[in-house]
Structures are given as C-alpha cells and as structure tokens.
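J.: Pasting a structure below so you can have a look.
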Amino acid sequence: MVGANKTLRPPMPPFLHIGQSAAIMPPMLRIGIFGGGQLAQMLTQAALGLGLETVIFERTPDSPAGRLVKHEIVGPWDDPVALAHFADYSHLVTLENEFVDAHVLAQLEAVGKPVFPTAATVGLVQDKFTQKQRIAAAGLAVPPFRAVATPAEVLAAAAEFGWPLMLKARRNGYDGYGNATVRSPQELDAAWQRLAARGSPLMVEAWVEFRRELALMVVRGRDATLAAYPVVETVQREHVCHTVLAPAPLLSPPAAEAATALACSAIEAIAGVGVFGVELFELADGRILFNELAPRPHNSGHYTIEGCVTSQFENHLRAILGWPLGATDLRAPAVVMVNLLGQRHGPVPPDALHAALAIPGVHIHLYGKREVRPGRKMGHVTALGQTLAEAKDVAQRAAALVEV
Ligand code: ATP
Ligand code: MG
C-alpha cells in the first residue's frame with residue numbers, strides 16, 4: 001500500500017476530491033467503501049470506534065458519508081483513474097450497496113486488493129435470478145421462479161405458477177422499484193414495459209401469500225465463522241421497510257431455529273464474507289421461504305446499533321478484517337426500530353429533532369440528507385424495552401415528532 005504521493009498515477013481529474021493531508025498521515029488501516037449513503041455513514045461511525053478510517057467512493061459529491069471522512073473520491077465507479085486512486089487509499093475494500101459492477105470489484109482483486117464480500121459473491125447476488133438459483137441449488141426453500149425474456153414466457157410461467165405473479169427486474173431493484181405485481185394477463189404489458197425500461201433482464205416469481213415478513217442479519221468471517229442475529233419481523237409500508245420488531249413476536253423457538261439455519265446456509269451457499277441481510281417469508285402454515293439477501297448491512301439490522309452487544313456495522317468490519325466476531329445477543333428483551341421516512345418536499349429544519357429528543361430513552365439517527373422527499377429514508381429511531389409493546393410505543397411516539 002502506498003500513499004498518493006508515492007504513486008505513479010496520473011494527476012487527479014477535477015471531479016475527484018480527496019483530502020490533501022493524506023500524504024503526510026501516518027499509516028492507518030483504511031477501509032474503502034463503494035457508496036456514501038447512510039449505510040456507509042454508519043459503517044464509518046463504527047470504523048472510527050475501532051481505530052479505523054474509511055475512504056468513501058461515491059458518484060456524487062456531498063454524500064452523507066463523504067462529508068465525514070478525510071478521503072472522499074467523487075466520480076463514476078468504473079472510471080479507471082478514480083478507481084486507481086480509491087485502491088491506492090484503501091487497504092481493503094467493501095461496499096454499502098450491491099449495484100457496483102462485479103467486474104469493477106474483480107479489477108481490484110486482480111491487482112491484489114482484498115475485496116469483501118468478494119467479486120464472485122457480489123456478482124452472483126446482484127442478479128436476483130442467479131442469487132435464487134444458487135439458494136435453490138443449496139436445497140433451501142424459495143418460491144417457484146424463472147427467468148423470462150418475453151411476455152409470452154411470463155404467460156407460460158403463469159400457467160404453472162398461477163396468478164397473481166411477481167415480475168422482478170433481475171438487477172438494480174430496491175425498495176420495490178424493480179418489482180411489479182401482475183394480477184392477470186391484462187396487466188402484463190404495462191408491467192413488462194415499466195420494468196423492461198429499467199434496462200435489466202426480468203424474472204417472475206409465484207405469488208407468496210405470506211403471513212408476515214421476517215429477516216435476520218448473518219455475519220460470516222474470513223475464516224468462515226458464522227454468527228446470526230435474532231430473527232426479526234419487518235413491516236413494510238409502500239414497499240419500504242417501516243418498522244422492525246426484535247425479536248419477531250410469536251415465533252416459536254423451532255421456527256426461529258429453522259429461519260436462522262436457512263439464513264446461515266444461504267450465506268454459506270454464496271461463500272459470503274461480511275454482514276448480510278436475509279429477507280424471509282413466513283407462511284400461514286409456519287413454513288419459511290427465502291426471499292432475497294443483501295450483501296451488506298441492511299435496514300432490518302439498524303436496531304443492532306443500540307439493541308445488540310455488537311452492531312451489524314462493527315461486525316461487518318470485524319468479519320472483513322478477519323477479526324473475531326462480536327456477540328449478536330439482544331441487550332434488552334425487546335427492541336423496536338422505526339424508519340423516519342420523508343413526509344414532504346423541502347429542507348430538513350435544523351431543530352428537526354427537538355421535540356422527539358424529549359422522549360426518554362429513545363435513540364434517534366438522522367442521516368444528514370439535506371433534502372426531504374416523500375418516502376426517502378431520512379433516519380431511524382430505536383427503542384429498547386421490557387416488551388415489544390413498550391419499545392414500539394416509545395419508538396413510534398418519537399418518530400412522529402421528528403420533523404421530516
Ligand atoms: P427491498 O425493499 O429489500 O429493497 P427489493 O426492491 O429488492 O426490496 P424484494 O425484496 O424482492 O425487492 O420485494 C419487495 C417486497 O415485495 C417484499 O418485501 C415483499 O413484501 C414483496 N414480495 C417480493 N416477492 C414477492 C412474492 N414472490 N410474492 C409476494 N410478495 C412479494
Ligand atoms: Mg427486499
């Protein structure tokens with residue numbers, strides 16, 4: 001690893017911004033992160049607590065994480081010069097979202113830069129179809145699914161799976177944006193056109209009549225050590241995670257064990273290193289199906305910051321560094337997280353937290369995004385309690401008072 005002053009790299013183009021003092025800094029372990037949003041921000045907060053620094057590589061300036069760090073690179077992720085500088089500044093590279101082209105990660109690996117999760121893992125899971133294929137091949141329960149190249153192939157799938165169907169973009173979907181529920185053949189053309197316009201190939205899944213959605217974080221170290229967090233219930237609003245209840249209420253110990261075993265096997269099946277969010281469906285008969293996984297810290301794991309002995313962010317860093325993993329136990333009988341989703345358009349008032357902070361015991365996080373937009377994830381609140389009802393009451397009262 002060399003500092004920027006010792007490299008033979010071409011001079012930085014004007015769209016790159018990087019801390020000027022880097023050349024004279026004593027060496028510190030620097031974790032490069034693709035992405036500068038709230039996940040990178042919270043990862044950076046955890047990194048600082050472990051005596052680490054992060055290098056943020058984001059496509060646009062003024063990202064929540066970019067503002068916190070000395071080493072910020074702004075530019076396209078596939079720009080060779082920006083990528084070379086990012087690699088120079090980072091001892092080890094990770095990511096906060098799975099939309100980084102796996103070929104870019106492979107380029108870093110090819111020059112000897114450790115990347116976790118690896119390019120192979122990210123390449124496999126950033127396509128929802130190949131991800132599900134791998135999980136199904138490992139013998140884990142998934143809804144019936146199929147890749148489709150034409151609307152006619154969707155109709156053929158419907159003949160087997162029945163209506164409604166879930167049509168999904170294989171790549172770059174998030175918060176439900178890459179999905180369309182198709183209830184009948186009449187709805188197919190509009191759904192196909194909307195999703196195909198996103199430029200990704202599509203897949204279909206049988207509709208799952210789930211009782212509720214569960215999730216859990218799994219962390220896997222470089223030596224393949226596994227640790228699982230508690231199974232939580234996630235409640236979505238408009239396809240966006242809204243509330244997380246930890247532990248999931250009314251989940252029998254065998255069901256929790258089955259969900260945990262499924263999630264751990266899924267991460268082993270993709271040879272994952274780092275922390276992973278695993279989303280599950282619980283059916284009315286108690287069976288658990290795999291929905292999808294994310295190769296990074298996950299919204300359903302934000303409660304771990306105050307709610308668990310080791311947060312998902314700290315454990316991600318421990319895992320990718322090859323350090324011992326931390327305990328994943330809850331620190332209270334019940335923990336509830338509520339997302340602060342934007343309610344309007346406009347700036348965030350400087351005293352947005354004033355009223356909510358008066359509620360005793362609540363933990364409030366704002367991500368430092370300057371603009372509120374309806375549905376935008378602006379922050380989250382977490383409350384610990386003796387019961388889920390108690391924690392939920394505190395979290396919901398606080399969330400209602402934050403002015404976003
Ligand atoms: P995220 O919100 O995690 O970014 P995403 O956009 O990647 O999600 P999915 O998790 O695939 O997409 O789907 C979003 C939501 O749509 C799920 O949480 C679930 O509520 C619903 N859903 C997904 N697949 C199915 C299915 N096969 N049947 C019924 N509902 C589904
Ligand atoms: Mg999802």
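Chain identifiers are assigned as A, B, and so on, following the order in which chains appear in the structure tokens; residues are numbered from 1 within each chain, and ligands are numbered from 1 in order of appearance.
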Pull the helix (DSSP H, G or I) assignments for segment 43-288 of chain A out of DSSP run on the backbone, and list those residues as a ChimeraX atom specification.
T.: /A:43-49,66-68,80-89,102-110,119-125,128-137,151-161,185-196,253-269
J.: Which chains and residue numbers are within 6 Å of ligand 1, counting only C-alpha atoms and all ligand atoms, if I want them as a list of chain:residue names?
T.: A:Met166, A:Gly173, A:Tyr174, A:Asp175, A:Gly176, A:Tyr177, A:Gly178, A:Glu205, A:Ala206, A:Trp207, A:Val208, A:His239, A:Val240, A:Glu292
J.: Generate a file of the selected residues that holds N, CA and C atoms, formatted as a compact mmCIF listing (two decimals), in the first residue's frame.
T.:
```txt
# COMPACT_ATOMS: atom_id res chain seq x y z
N MET A 166 -45.35 -12.20 -9.43
CA MET A 166 -44.47 -11.07 -9.12
C MET A 166 -43.41 -11.00 -10.22
N GLY A 173 -32.83 -3.41 -8.45
CA GLY A 173 -34.09 -3.10 -7.79
C GLY A 173 -33.83 -2.75 -6.33
N TYR A 174 -34.62 -1.85 -5.78
CA TYR A 174 -34.56 -1.60 -4.34
C TYR A 174 -35.86 -0.94 -3.94
N ASP A 175 -36.22 -1.12 -2.68
CA ASP A 175 -37.45 -0.54 -2.14
C ASP A 175 -38.64 -0.80 -3.07
N GLY A 176 -38.64 -1.98 -3.69
CA GLY A 176 -39.76 -2.37 -4.53
C GLY A 176 -39.77 -1.74 -5.92
N TYR A 177 -38.80 -0.85 -6.23
CA TYR A 177 -38.85 -0.14 -7.52
C TYR A 177 -38.68 -1.08 -8.70
N GLY A 178 -38.01 -2.20 -8.51
CA GLY A 178 -37.82 -3.11 -9.64
C GLY A 178 -38.90 -4.17 -9.73
N GLU A 205 -41.79 -14.61 -10.30
CA GLU A 205 -41.91 -15.49 -9.14
C GLU A 205 -43.38 -15.78 -8.90
N ALA A 206 -43.65 -16.95 -8.38
CA ALA A 206 -45.01 -17.24 -7.91
C ALA A 206 -45.34 -16.26 -6.79
N TRP A 207 -46.59 -15.88 -6.72
CA TRP A 207 -47.05 -15.00 -5.66
C TRP A 207 -47.02 -15.76 -4.33
N VAL A 208 -46.43 -15.14 -3.30
CA VAL A 208 -46.36 -15.80 -2.00
C VAL A 208 -47.39 -15.15 -1.07
N HIS A 239 -43.88 -0.72 0.12
CA HIS A 239 -42.69 -1.48 -0.31
C HIS A 239 -41.41 -1.04 0.40
N VAL A 240 -41.51 -0.19 1.41
CA VAL A 240 -40.31 0.25 2.11
C VAL A 240 -40.39 -0.24 3.55
N GLU A 292 -34.88 -12.83 -0.40
CA GLU A 292 -33.66 -12.34 -1.04
C GLU A 292 -32.66 -12.00 0.05
```
J.: Please identify the residues whose atoms come within 12 Å of ligand 2, using only C-alpha atoms and all ligand atoms, and report them as a PyMOL selection string.
T.: chain A and resi 128+168+172-179+213-215+234-236+239-241+277-281+290-295+298-300
J.: Enumerate, in order of chain and increasing residue number, the residues of segment 320-371 of chain A with an atom no farther than 7 Å from segment 378-393 of chain A, each with its shortest atom pair and distance in Å to one decimal, counting only C-alpha atoms, as JSON lines.
T.:
```
{"residue": "A:Ala332", "atom": "CA", "partner": "A:Leu384", "partner_atom": "CA", "distance": 6.1}
{"residue": "A:Pro333", "atom": "CA", "partner": "A:Gln386", "partner_atom": "CA", "distance": 5.3}
{"residue": "A:Ala334", "atom": "CA", "partner": "A:Leu388", "partner_atom": "CA", "distance": 5.1}
{"residue": "A:Val335", "atom": "CA", "partner": "A:Leu384", "partner_atom": "CA", "distance": 4.5}
{"residue": "A:Val336", "atom": "CA", "partner": "A:Ala383", "partner_atom": "CA", "distance": 5.4}
{"residue": "A:Met337", "atom": "CA", "partner": "A:Thr382", "partner_atom": "CA", "distance": 4.4}
{"residue": "A:Val338", "atom": "CA", "partner": "A:Val381", "partner_atom": "CA", "distance": 5.4}
{"residue": "A:Asn339", "atom": "CA", "partner": "A:His380", "partner_atom": "CA", "distance": 4.2}
{"residue": "A:Leu340", "atom": "CA", "partner": "A:Gly379", "partner_atom": "CA", "distance": 4.9}
{"residue": "A:Leu341", "atom": "CA", "partner": "A:Met378", "partner_atom": "CA", "distance": 5.7}
{"residue": "A:Gly342", "atom": "CA", "partner": "A:Met378", "partner_atom": "CA", "distance": 6.2}
{"residue": "A:Gly361", "atom": "CA", "partner": "A:Ala383", "partner_atom": "CA", "distance": 6.8}
{"residue": "A:Val362", "atom": "CA", "partner": "A:Ala383", "partner_atom": "CA", "distance": 5.1}
{"residue": "A:His363", "atom": "CA", "partner": "A:Thr382", "partner_atom": "CA", "distance": 5.1}
{"residue": "A:Ile364", "atom": "CA", "partner": "A:Val381", "partner_atom": "CA", "distance": 4.5}
{"residue": "A:His365", "atom": "CA", "partner": "A:Gly379", "partner_atom": "CA", "distance": 5.2}
{"residue": "A:Leu366", "atom": "CA", "partner": "A:Gly379", "partner_atom": "CA", "distance": 4.2}
{"residue": "A:Tyr367", "atom": "CA", "partner": "A:Gly379", "partner_atom": "CA", "distance": 5.3}
{"residue": "A:Lys369", "atom": "CA", "partner": "A:Met378", "partner_atom": "CA", "distance": 6.5}
```
J.: Take the selection from the previous step and output its residues with C-alpha atoms, as a PDB file, in the first residue's frame.
T.:
```
ATOM      1  CA  ALA A 332     -32.910  -5.936  26.138  1.00  0.00           C
ATOM      2  CA  PRO A 333     -35.893  -8.288  25.922  1.00  0.00           C
ATOM      3  CA  ALA A 334     -37.400  -6.188  23.109  1.00  0.00           C
ATOM      4  CA  VAL A 335     -36.067  -3.692  20.573  1.00  0.00           C
ATOM      5  CA  VAL A 336     -38.085  -1.740  18.016  1.00  0.00           C
ATOM      6  CA  MET A 337     -36.799   0.337  15.116  1.00  0.00           C
ATOM      7  CA  VAL A 338     -38.954   2.757  13.146  1.00  0.00           C
ATOM      8  CA  ASN A 339     -37.702   4.363   9.940  1.00  0.00           C
ATOM      9  CA  LEU A 340     -38.035   8.115   9.525  1.00  0.00           C
ATOM     10  CA  LEU A 341     -39.433   8.306   6.003  1.00  0.00           C
ATOM     11  CA  GLY A 342     -39.794  11.725   4.371  1.00  0.00           C
ATOM     12  CA  GLY A 361     -34.644   6.548  26.293  1.00  0.00           C
ATOM     13  CA  VAL A 362     -35.139   6.832  22.542  1.00  0.00           C
ATOM     14  CA  HIS A 363     -32.144   6.646  20.179  1.00  0.00           C
ATOM     15  CA  ILE A 364     -32.525   8.895  17.153  1.00  0.00           C
ATOM     16  CA  HIS A 365     -30.426   8.828  13.997  1.00  0.00           C
ATOM     17  CA  LEU A 366     -30.645  11.400  11.202  1.00  0.00           C
ATOM     18  CA  TYR A 367     -28.568  10.635   8.119  1.00  0.00           C
ATOM     19  CA  LYS A 369     -29.519  14.247   3.965  1.00  0.00           C
TER      20      LYS A 369
END
```
J.: Residues of segment 226-314 of chain A within 10 Å of segment 92-95 of chain A: nearest atom pair and distance (Å, one decimal) for each, counting only C-alpha atoms, sorted by chain and number, as JSON lines?
T.:
```
{"residue": "A:Gly274", "atom": "CA", "partner": "A:Thr94", "partner_atom": "CA", "distance": 8.8}
{"residue": "A:Pro295", "atom": "CA", "partner": "A:Leu95", "partner_atom": "CA", "distance": 8.4}
{"residue": "A:Arg296", "atom": "CA", "partner": "A:Leu95", "partner_atom": "CA", "distance": 6.9}
{"residue": "A:Pro297", "atom": "CA", "partner": "A:Leu95", "partner_atom": "CA", "distance": 9.2}
```
J.: So which residues touch Gly32 of chain A within 9 Å, counting only C-alpha atoms, skipping near sequence neighbours fewer than 2 positions away, as a ChimeraX atom specification?
T.: /A:30,34,53-57,86-87,89-95
J.: Please report, as a ChimeraX atom specification, each residue of segment 22-145 of chain A to which DSSP assigns strand (DSSP E) when run on this structure's backbone.
T.: /A:30-34,53-58,71-74,92-95,145
J.: For Leu165 of chain A, please output as a list in words all residues within 12 Å (counting only C-alpha atoms; exclusion window: fewer than 6 positions along the same chain).
T.: Pro143, Pro144, Phe145, Arg146, Val154, Leu155, Ala156, Ala157, Ala158, Ala159, Asn179, Ala180, Thr181, Val182, Arg183, Ser184, Pro185, Glu187, Leu188, Ala191, Trp192, Met203, Val204, Glu205, Ala206, Trp207, Val208 and Glu209 of chain A
J.: Quick one: everything within 9 Å of Gly66 of chain A, counting only C-alpha atoms, minus sequence neighbours fewer than 5 positions away in the same chain. Send it as a list in words.
T.: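 Counting only C-alpha atoms, the residues come to Gly35, Gly36, Gly37, Ala40, Gln41, Val55, Ile56, Phe57, Glu58, Pro61, His71, Glu72, Ile73 and Val74 of chain A.
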J.: Mind checking which residues fall within 6 Å of segment 218-223 of chain A, counting only C-alpha atoms, ignoring those fewer than 2 positions away in the same chain, and posting them as JSON, numbers by chain?
T.: {"A": [225, 226, 227, 228, 273, 274, 275, 276, 319, 322]}
